[in-house]
Amino acid sequence: MMKEVTHVVNTILYCRRWKEMVSFYRHRLAFPVTFENDWFVEFKVTDHARISIANEQRATIKSSGGQGLTLAFQVDKADETWQNLKAQGVDVGKIKDHPWGGRAFFLFDPEGNRLEVWSV
């Protein structure tokens, strides 16, 4: 029998506004840092998911400027998360009920990436 391998998925966001992005994910979204150097920071989202912020000035890949990407985060209580982010001064969209039974809202990080936060 083969041993099951645990996989971790890491989404890397190459950014022009690197310092603002690191601050946003560290302080506003409160993701813990798993690795950090002077141009790359990796944040733990779950045991099996990471988001990394890379400074495009130090990388060979450039920023997409927030185009064509939505990062979706399932949380236990979308309303509570909305309230917490709003209280921190984060510009969050209206929270809405969806036909599939969930509640969701959108916001944008400093680079312009769209984030969806939802719960059932």
# chains A, B, ... in the order shown; residues from 1 in each chain; ligands from 1
>>> select_by_dssp(residues="chain A", states="strand (DSSP E or B)", output="PyMOL selection string")
chain A and resi 9-15+33-36+40-46+49-55+70-74+92+96-97+103-108+114-119
>>> residues_around(residues="Leu85 of chain A", least_positions_apart="4", cutoff="12 Å", atoms="only C-alpha atoms", output="PyMOL selection string")
chain A and resi 24-25+27-30+78-81+89-93+105-108+117
>>> write_last_selection(atoms="N, CA and C atoms", output="PDB file, in the first residue's frame")
ATOM      1  N   PHE A  24      -1.265  44.025   4.048  1.00  0.00           N
ATOM      2  CA  PHE A  24      -2.682  43.669   3.931  1.00  0.00           C
ATOM      3  C   PHE A  24      -2.918  42.215   4.355  1.00  0.00           C
ATOM      4  N   TYR A  25      -2.154  41.292   3.801  1.00  0.00           N
ATOM      5  CA  TYR A  25      -2.356  39.875   4.115  1.00  0.00           C
ATOM      6  C   TYR A  25      -1.911  39.538   5.541  1.00  0.00           C
ATOM      7  N   HIS A  27      -1.706  41.901   8.262  1.00  0.00           N
ATOM      8  CA  HIS A  27      -2.428  42.625   9.311  1.00  0.00           C
ATOM      9  C   HIS A  27      -3.942  42.655   9.110  1.00  0.00           C
ATOM     10  N   ARG A  28      -4.403  42.839   7.907  1.00  0.00           N
ATOM     11  CA  ARG A  28      -5.854  42.910   7.665  1.00  0.00           C
ATOM     12  C   ARG A  28      -6.495  41.534   7.639  1.00  0.00           C
ATOM     13  N   LEU A  29      -5.880  40.600   6.907  1.00  0.00           N
ATOM     14  CA  LEU A  29      -6.439  39.248   6.835  1.00  0.00           C
ATOM     15  C   LEU A  29      -5.881  38.326   7.911  1.00  0.00           C
ATOM     16  N   ALA A  30      -4.813  38.741   8.563  1.00  0.00           N
ATOM     17  CA  ALA A  30      -4.218  38.037   9.707  1.00  0.00           C
ATOM     18  C   ALA A  30      -3.783  36.615   9.382  1.00  0.00           C
ATOM     19  N   ALA A  78     -19.596  34.411   7.191  1.00  0.00           N
ATOM     20  CA  ALA A  78     -19.280  35.540   6.315  1.00  0.00           C
ATOM     21  C   ALA A  78     -19.690  36.867   6.948  1.00  0.00           C
ATOM     22  N   ASP A  79     -20.819  36.907   7.619  1.00  0.00           N
ATOM     23  CA  ASP A  79     -21.280  38.156   8.237  1.00  0.00           C
ATOM     24  C   ASP A  79     -20.295  38.654   9.297  1.00  0.00           C
ATOM     25  N   GLU A  80     -19.800  37.737  10.108  1.00  0.00           N
ATOM     26  CA  GLU A  80     -18.839  38.104  11.153  1.00  0.00           C
ATOM     27  C   GLU A  80     -17.513  38.582  10.539  1.00  0.00           C
ATOM     28  N   THR A  81     -17.065  37.892   9.511  1.00  0.00           N
ATOM     29  CA  THR A  81     -15.833  38.293   8.829  1.00  0.00           C
ATOM     30  C   THR A  81     -16.015  39.660   8.190  1.00  0.00           C
ATOM     31  N   GLY A  89     -11.437  49.056   8.779  1.00  0.00           N
ATOM     32  CA  GLY A  89     -11.326  50.051   7.735  1.00  0.00           C
ATOM     33  C   GLY A  89     -11.112  49.485   6.347  1.00  0.00           C
ATOM     34  N   VAL A  90     -11.292  48.178   6.196  1.00  0.00           N
ATOM     35  CA  VAL A  90     -11.158  47.556   4.878  1.00  0.00           C
ATOM     36  C   VAL A  90     -12.409  47.867   4.066  1.00  0.00           C
ATOM     37  N   ASP A  91     -12.223  48.250   2.824  1.00  0.00           N
ATOM     38  CA  ASP A  91     -13.336  48.560   1.921  1.00  0.00           C
ATOM     39  C   ASP A  91     -13.920  47.255   1.398  1.00  0.00           C
ATOM     40  N   VAL A  92     -15.011  46.816   2.015  1.00  0.00           N
ATOM     41  CA  VAL A  92     -15.665  45.559   1.629  1.00  0.00           C
ATOM     42  C   VAL A  92     -16.979  45.863   0.917  1.00  0.00           C
ATOM     43  N   GLY A  93     -17.321  45.013  -0.040  1.00  0.00           N
ATOM     44  CA  GLY A  93     -18.587  45.161  -0.750  1.00  0.00           C
ATOM     45  C   GLY A  93     -19.753  44.699   0.115  1.00  0.00           C
ATOM     46  N   PHE A 105     -19.308  38.159   0.027  1.00  0.00           N
ATOM     47  CA  PHE A 105     -18.983  39.543  -0.296  1.00  0.00           C
ATOM     48  C   PHE A 105     -17.625  39.566  -0.973  1.00  0.00           C
ATOM     49  N   PHE A 106     -17.336  40.693  -1.605  1.00  0.00           N
ATOM     50  CA  PHE A 106     -16.080  40.853  -2.325  1.00  0.00           C
ATOM     51  C   PHE A 106     -15.303  42.036  -1.768  1.00  0.00           C
ATOM     52  N   LEU A 107     -13.992  41.971  -1.919  1.00  0.00           N
ATOM     53  CA  LEU A 107     -13.109  43.076  -1.605  1.00  0.00           C
ATOM     54  C   LEU A 107     -11.895  42.944  -2.511  1.00  0.00           C
ATOM     55  N   PHE A 108     -11.042  43.940  -2.507  1.00  0.00           N
ATOM     56  CA  PHE A 108      -9.844  43.933  -3.351  1.00  0.00           C
ATOM     57  C   PHE A 108      -8.624  44.181  -2.496  1.00  0.00           C
ATOM     58  N   VAL A 117     -15.238  36.314  -0.146  1.00  0.00           N
ATOM     59  CA  VAL A 117     -15.345  35.662   1.147  1.00  0.00           C
ATOM     60  C   VAL A 117     -16.772  35.145   1.254  1.00  0.00           C
TER      61      VAL A 117
END
>>> residues_around(residues="Ser52 of chain A", least_positions_apart="6", cutoff="9 Å", atoms="only C-alpha atoms", output="compact mmCIF listing (two decimals) with C-alpha atoms, in the first residue's frame")
# COMPACT_ATOMS: atom_id res chain seq x y z
CA ASN A 10 0.56 27.77 -3.02
CA THR A 11 -0.78 30.70 -5.05
CA ILE A 12 1.94 33.26 -5.74
CA LEU A 13 0.93 36.86 -6.36
CA TYR A 14 3.64 38.91 -8.11
CA VAL A 22 2.41 42.05 2.64
CA PHE A 35 8.39 32.01 5.27
CA PHE A 40 8.94 37.06 -0.84
CA VAL A 41 6.51 36.26 1.97
CA GLU A 42 4.49 33.06 2.27
CA PHE A 43 1.28 33.04 4.34
CA LYS A 44 -0.60 30.02 5.68
>>> select_by_dssp(residues="segment 13-108 of chain A", states="helix (DSSP H, G or I)", output="ChimeraX atom specification")
/A:18-28,56-58,78-87
>>> residues_around(residues="Ala104 of chain A", least_positions_apart="3", cutoff="7 Å", atoms="only C-alpha atoms", output="list in words")
Ala78, Ile95, Lys96, Asp97, Glu116, Val117, Trp118 and Ser119 of chain A
>>> closest_residue(among="A:Ala87, A:Cys15, A:Leu69, A:Ile53", to="Val33 of chain A", atoms="only C-alpha atoms")
A:Ile53
>>> residues_around(residues="Gln67 of chain A", least_positions_apart="6", cutoff="10 Å", atoms="only C-alpha atoms", output="JSON, numbers by chain")
{"A": [111, 112, 113, 114]}
>>> atom_distance(atom1="atom CA of Ala54 of chain A", atom2="atom CA of Asn84 of chain A")
26.5 Å
